[in-house]
Amino acid sequence: MSYDFSKIEAHIQGLIARTPLNGAALSIAHRGTLIYERAFGSYSPDMRVAVASGSKWVSAAVIASLMSDGMLHLDERASDYLMGFDGDKSTMTLRHLLAHTSGLPPGRAPCAGHAAHSLAACAERIALSPLVAAPGQAFAYGESAFQVIGRIAEVATGRSWSALFHERIAEPLRMTASDYGDPPADHPRIGSGLRTTLRDYSRFVRMIAAGGTLDGARVLAPELVALMHEDHTFGAPVIASPNLFPGDGYGLGVWRDNADARGQAIQVSSPGANGFTPWVDFRRGLACVFLVCDSYRRMAAPVRELQRLVHAAVEIVSR
């Protein structure tokens, strides 16, 4: 197949020229084959950056891996593992935490990523936070829920979050340049602290697009990949969301950009506050990563145009 990437490259080069960006990078895989990888400006495919909320998709995959082994269950309660999640928090489940319907405050968790607050201490502090809604009754996008789910994973397994990430995701996918912070990393930001490269994250989305495998390595069961991308908000009203282009609900750590008439996800993504945007288009067989360090609000519309150009380039060849 011969793909024409000229419009894609012109769009990215124009974006760099019109904004304060000093570079960007793009990876495109189509039906399991890497068809494009290029860095622009001062970037390289191996440049490591913090991807902010691009972390949530990967973190949710760690939890899904533990679910596949029966170590965690989606409808277990936070109180089954952690002290302090009683009273009005007693019905809060792992599903609520991963889908931002836990009722915990939206936005940044004040204790996340601080050297003075281990993940355990951060979860204890979050347990004292007043709820903004009863569990399951509203969508409020934030970091606190992911700190709690990360600590639950540690308690359930007796392993640190860093160890779980490396054993469950990084090692089987050979994501050798990715981590949640320098050792000793006992204070990771589960929902926003991943540091990675274009090439590493590309391996993750290619695994997702392939139903949980990459290069012969099974990372997630296909039914769990599908479960991650179902809508787990169940129509809960939105009271806090950074998404400028709301789609069809939210899965487990990932936005559902589009869904078909049966509710099955067509495209999912996990953009970060810095504009970093990975996405998988299941219908077209695409797994893409756009790596940039700017801001989501400035990059959101240009990234949507980039997605349109990528989709068009693939559809022309597929006819």
# chains A, B, ... in the order shown; residues from 1 in each chain; ligands from 1
call {"tool": "select_by_dssp", "arguments": {"residues": "stretch 55-119 of chain A", "states": "alpha helix (DSSP H)", "output": "list of chain:residue names"}}
result
A:Ser55, A:Lys56, A:Trp57, A:Val58, A:Ser59, A:Ala60, A:Ala61, A:Val62, A:Ile63, A:Ala64, A:Ser65, A:Leu66, A:Met67, A:Ser68, A:Leu94, A:Arg95, A:His96, A:Leu97, A:Leu98, A:Leu119
call {"tool": "write_last_selection", "arguments": {"atoms": "N, CA and C atoms", "output": "PDB file, in the first residue's frame"}}
result
ATOM      1  N   SER A  55      -1.771   9.260  30.873  1.00  0.00           N
ATOM      2  CA  SER A  55      -1.435   8.199  31.827  1.00  0.00           C
ATOM      3  C   SER A  55      -2.636   7.325  32.166  1.00  0.00           C
ATOM      4  N   LYS A  56      -3.833   7.908  32.147  1.00  0.00           N
ATOM      5  CA  LYS A  56      -5.016   7.204  32.672  1.00  0.00           C
ATOM      6  C   LYS A  56      -5.313   5.919  31.907  1.00  0.00           C
ATOM      7  N   TRP A  57      -5.154   5.933  30.602  1.00  0.00           N
ATOM      8  CA  TRP A  57      -5.417   4.748  29.785  1.00  0.00           C
ATOM      9  C   TRP A  57      -4.474   3.612  30.180  1.00  0.00           C
ATOM     10  N   VAL A  58      -3.201   3.956  30.334  1.00  0.00           N
ATOM     11  CA  VAL A  58      -2.192   2.959  30.703  1.00  0.00           C
ATOM     12  C   VAL A  58      -2.446   2.450  32.115  1.00  0.00           C
ATOM     13  N   SER A  59      -2.760   3.351  33.032  1.00  0.00           N
ATOM     14  CA  SER A  59      -3.032   2.941  34.411  1.00  0.00           C
ATOM     15  C   SER A  59      -4.247   2.024  34.484  1.00  0.00           C
ATOM     16  N   ALA A  60      -5.275   2.345  33.714  1.00  0.00           N
ATOM     17  CA  ALA A  60      -6.455   1.487  33.682  1.00  0.00           C
ATOM     18  C   ALA A  60      -6.115   0.108  33.139  1.00  0.00           C
ATOM     19  N   ALA A  61      -5.160   0.045  32.205  1.00  0.00           N
ATOM     20  CA  ALA A  61      -4.733  -1.251  31.664  1.00  0.00           C
ATOM     21  C   ALA A  61      -4.032  -2.084  32.730  1.00  0.00           C
ATOM     22  N   VAL A  62      -3.282  -1.438  33.615  1.00  0.00           N
ATOM     23  CA  VAL A  62      -2.669  -2.160  34.736  1.00  0.00           C
ATOM     24  C   VAL A  62      -3.766  -2.797  35.584  1.00  0.00           C
ATOM     25  N   ILE A  63      -4.793  -2.031  35.899  1.00  0.00           N
ATOM     26  CA  ILE A  63      -5.905  -2.555  36.704  1.00  0.00           C
ATOM     27  C   ILE A  63      -6.620  -3.679  35.963  1.00  0.00           C
ATOM     28  N   ALA A  64      -6.841  -3.513  34.659  1.00  0.00           N
ATOM     29  CA  ALA A  64      -7.497  -4.555  33.867  1.00  0.00           C
ATOM     30  C   ALA A  64      -6.689  -5.845  33.889  1.00  0.00           C
ATOM     31  N   SER A  65      -5.371  -5.732  33.859  1.00  0.00           N
ATOM     32  CA  SER A  65      -4.516  -6.913  33.925  1.00  0.00           C
ATOM     33  C   SER A  65      -4.706  -7.648  35.247  1.00  0.00           C
ATOM     34  N   LEU A  66      -4.812  -6.901  36.328  1.00  0.00           N
ATOM     35  CA  LEU A  66      -5.055  -7.522  37.641  1.00  0.00           C
ATOM     36  C   LEU A  66      -6.445  -8.148  37.697  1.00  0.00           C
ATOM     37  N   MET A  67      -7.403  -7.546  37.033  1.00  0.00           N
ATOM     38  CA  MET A  67      -8.734  -8.122  36.969  1.00  0.00           C
ATOM     39  C   MET A  67      -8.716  -9.453  36.232  1.00  0.00           C
ATOM     40  N   SER A  68      -7.912  -9.532  35.168  1.00  0.00           N
ATOM     41  CA  SER A  68      -7.864 -10.760  34.389  1.00  0.00           C
ATOM     42  C   SER A  68      -7.335 -11.926  35.207  1.00  0.00           C
ATOM     43  N   LEU A  94     -14.569   0.149  42.326  1.00  0.00           N
ATOM     44  CA  LEU A  94     -13.449   0.326  41.408  1.00  0.00           C
ATOM     45  C   LEU A  94     -13.934   0.880  40.075  1.00  0.00           C
ATOM     46  N   ARG A  95     -15.122   0.450  39.637  1.00  0.00           N
ATOM     47  CA  ARG A  95     -15.696   0.984  38.399  1.00  0.00           C
ATOM     48  C   ARG A  95     -15.891   2.494  38.513  1.00  0.00           C
ATOM     49  N   HIS A  96     -16.454   2.937  39.627  1.00  0.00           N
ATOM     50  CA  HIS A  96     -16.659   4.372  39.833  1.00  0.00           C
ATOM     51  C   HIS A  96     -15.337   5.131  39.764  1.00  0.00           C
ATOM     52  N   LEU A  97     -14.315   4.582  40.383  1.00  0.00           N
ATOM     53  CA  LEU A  97     -13.018   5.257  40.416  1.00  0.00           C
ATOM     54  C   LEU A  97     -12.424   5.390  39.023  1.00  0.00           C
ATOM     55  N   LEU A  98     -12.492   4.340  38.219  1.00  0.00           N
ATOM     56  CA  LEU A  98     -11.896   4.351  36.881  1.00  0.00           C
ATOM     57  C   LEU A  98     -12.705   5.166  35.882  1.00  0.00           C
ATOM     58  N   LEU A 119       1.893   7.075  48.080  1.00  0.00           N
ATOM     59  CA  LEU A 119       0.588   6.763  47.519  1.00  0.00           C
ATOM     60  C   LEU A 119      -0.386   6.359  48.626  1.00  0.00           C
TER      61      LEU A 119
END
call {"tool": "closest_atom_pairs", "arguments": {"of": "stretch 203-238 of chain A", "to": "stretch 29-48 of chain A", "cutoff": "10 Å", "atoms": "only C-alpha atoms", "output": "CSV"}}
result
residue,atom,partner,partner_atom,distance
A:Arg203,CA,A:Ala29,CA,9.5
A:Val205,CA,A:Ala29,CA,8.9
A:Arg206,CA,A:Gly32,CA,6.6
A:Met207,CA,A:Gly32,CA,8.7
A:Ala209,CA,A:Gly32,CA,7.7
A:Ala210,CA,A:Gly32,CA,6.8
A:Leu214,CA,A:Gly32,CA,8.5
A:Asp215,CA,A:Gly32,CA,9.5
call {"tool": "atom_distance", "arguments": {"atom1": "atom CA of A:Ser144", "atom2": "atom CA of A:Ala109"}}
result
5.0 Å
call {"tool": "closest_residue", "arguments": {"among": "A:Ser192, A:Cys288, A:Arg108, A:Val49", "to": "A:Ser178", "atoms": "only C-alpha atoms"}}
result
A:Val49
call {"tool": "residues_around", "arguments": {"residues": "A:Cys293", "least_positions_apart": "2", "cutoff": "9 Å", "atoms": "only C-alpha atoms", "output": "list in words"}}
result
Leu21, Asn22, Gly23, Ala24, Val49, Ala50, Val51, Ala273, Asn274, Gly275, Phe276, Leu291 and Ser295 of chain A
call {"tool": "write_last_selection", "arguments": {"atoms": "N, CA, C and O atoms", "output": "JSON list (two decimals), in the first residue's frame"}}
result
[["chain", "number", "residue", "atom", "x", "y", "z"],
["A", 21, "LEU", "N", 5.32, 26.10, 19.62],
["A", 21, "LEU", "CA", 5.87, 24.74, 19.69],
["A", 21, "LEU", "C", 7.29, 24.71, 19.14],
["A", 21, "LEU", "O", 7.62, 25.38, 18.17],
["A", 22, "ASN", "N", 8.12, 23.88, 19.76],
["A", 22, "ASN", "CA", 9.45, 23.66, 19.19],
["A", 22, "ASN", "C", 9.55, 22.30, 18.52],
["A", 22, "ASN", "O", 10.62, 21.87, 18.11],
["A", 23, "GLY", "N", 8.41, 21.62, 18.42],
["A", 23, "GLY", "CA", 8.41, 20.34, 17.72],
["A", 23, "GLY", "C", 7.17, 19.53, 18.03],
["A", 23, "GLY", "O", 6.31, 19.94, 18.80],
["A", 24, "ALA", "N", 7.11, 18.37, 17.42],
["A", 24, "ALA", "CA", 6.01, 17.42, 17.61],
["A", 24, "ALA", "C", 6.45, 16.10, 17.00],
["A", 24, "ALA", "O", 7.49, 16.03, 16.32],
["A", 49, "VAL", "N", 8.67, 12.42, 27.42],
["A", 49, "VAL", "CA", 7.90, 13.54, 27.96],
["A", 49, "VAL", "C", 6.90, 13.02, 28.98],
["A", 49, "VAL", "O", 6.54, 11.83, 29.00],
["A", 50, "ALA", "N", 6.42, 13.92, 29.83],
["A", 50, "ALA", "CA", 5.30, 13.61, 30.72],
["A", 50, "ALA", "C", 4.02, 13.80, 29.92],
["A", 50, "ALA", "O", 3.84, 14.82, 29.26],
["A", 51, "VAL", "N", 3.14, 12.82, 29.96],
["A", 51, "VAL", "CA", 1.96, 12.85, 29.09],
["A", 51, "VAL", "C", 0.67, 13.21, 29.83],
["A", 51, "VAL", "O", -0.42, 13.11, 29.28],
["A", 273, "ALA", "N", -3.19, 17.15, 29.33],
["A", 273, "ALA", "CA", -3.27, 18.60, 29.46],
["A", 273, "ALA", "C", -2.25, 19.32, 28.60],
["A", 273, "ALA", "O", -2.41, 20.50, 28.30],
["A", 274, "ASN", "N", -1.18, 18.62, 28.19],
["A", 274, "ASN", "CA", -0.14, 19.22, 27.36],
["A", 274, "ASN", "C", -0.39, 19.03, 25.87],
["A", 274, "ASN", "O", 0.46, 19.35, 25.04],
["A", 275, "GLY", "N", -1.55, 18.48, 25.50],
["A", 275, "GLY", "CA", -1.88, 18.27, 24.09],
["A", 275, "GLY", "C", -1.54, 16.89, 23.57],
["A", 275, "GLY", "O", -2.00, 16.52, 22.48],
["A", 276, "PHE", "N", -0.72, 16.14, 24.29],
["A", 276, "PHE", "CA", -0.40, 14.76, 23.90],
["A", 276, "PHE", "C", -1.70, 14.00, 23.67],
["A", 276, "PHE", "O", -2.58, 14.00, 24.54],
["A", 291, "LEU", "N", 2.51, 13.27, 19.74],
["A", 291, "LEU", "CA", 3.27, 13.72, 20.91],
["A", 291, "LEU", "C", 3.63, 15.18, 20.74],
["A", 291, "LEU", "O", 4.24, 15.57, 19.73],
["A", 295, "SER", "N", -0.47, 22.77, 25.19],
["A", 295, "SER", "CA", -1.65, 22.74, 26.06],
["A", 295, "SER", "C", -2.80, 22.10, 25.30],
["A", 295, "SER", "O", -2.93, 22.24, 24.09]]
call {"tool": "closest_residue", "arguments": {"among": "A:Val280, A:Ala134, A:Ile239, A:Leu309", "to": "A:Asp257", "atoms": "only C-alpha atoms"}}
result
A:Val280
call {"tool": "residues_around", "arguments": {"residues": "A:Tyr201", "least_positions_apart": "6", "cutoff": "8 Å", "atoms": "only C-alpha atoms", "output": "ChimeraX atom specification"}}
result
/A:175,278,289
call {"tool": "write_last_selection", "arguments": {"atoms": "all heavy atoms", "output": "compact mmCIF listing (two decimals), in the first residue's frame"}}
result
# COMPACT_ATOMS: atom_id res chain seq x y z
N MET A 175 8.24 -1.40 26.64
CA MET A 175 8.20 0.06 26.81
C MET A 175 9.35 0.44 27.74
O MET A 175 9.17 0.76 28.92
CB MET A 175 6.85 0.49 27.37
CG MET A 175 5.69 0.23 26.43
SD MET A 175 4.04 0.53 27.18
CE MET A 175 4.09 2.31 27.47
N PRO A 278 -3.12 10.21 22.23
CA PRO A 278 -3.14 8.89 21.60
C PRO A 278 -4.59 8.52 21.27
O PRO A 278 -5.51 8.89 22.00
CB PRO A 278 -2.59 7.99 22.71
CG PRO A 278 -3.08 8.64 23.97
CD PRO A 278 -3.23 10.13 23.69
N VAL A 289 -0.43 8.01 17.78
CA VAL A 289 0.04 8.84 18.90
C VAL A 289 0.56 10.14 18.33
O VAL A 289 1.43 10.14 17.45
CB VAL A 289 1.16 8.15 19.70
CG1 VAL A 289 1.61 9.06 20.85
CG2 VAL A 289 0.71 6.80 20.23
call {"tool": "select_by_dssp", "arguments": {"residues": "stretch 154-244 of chain A", "states": "strand (DSSP E or B)", "output": "VMD selection string"}}
result
chain A and resid 179 195 to 196 213 to 214 217 to 218 238 to 240
call {"tool": "residues_around", "arguments": {"residues": "A:His100", "least_positions_apart": "6", "cutoff": "7 Å", "atoms": "only C-alpha atoms", "output": "ChimeraX atom specification"}}
result
/A:139-142,145
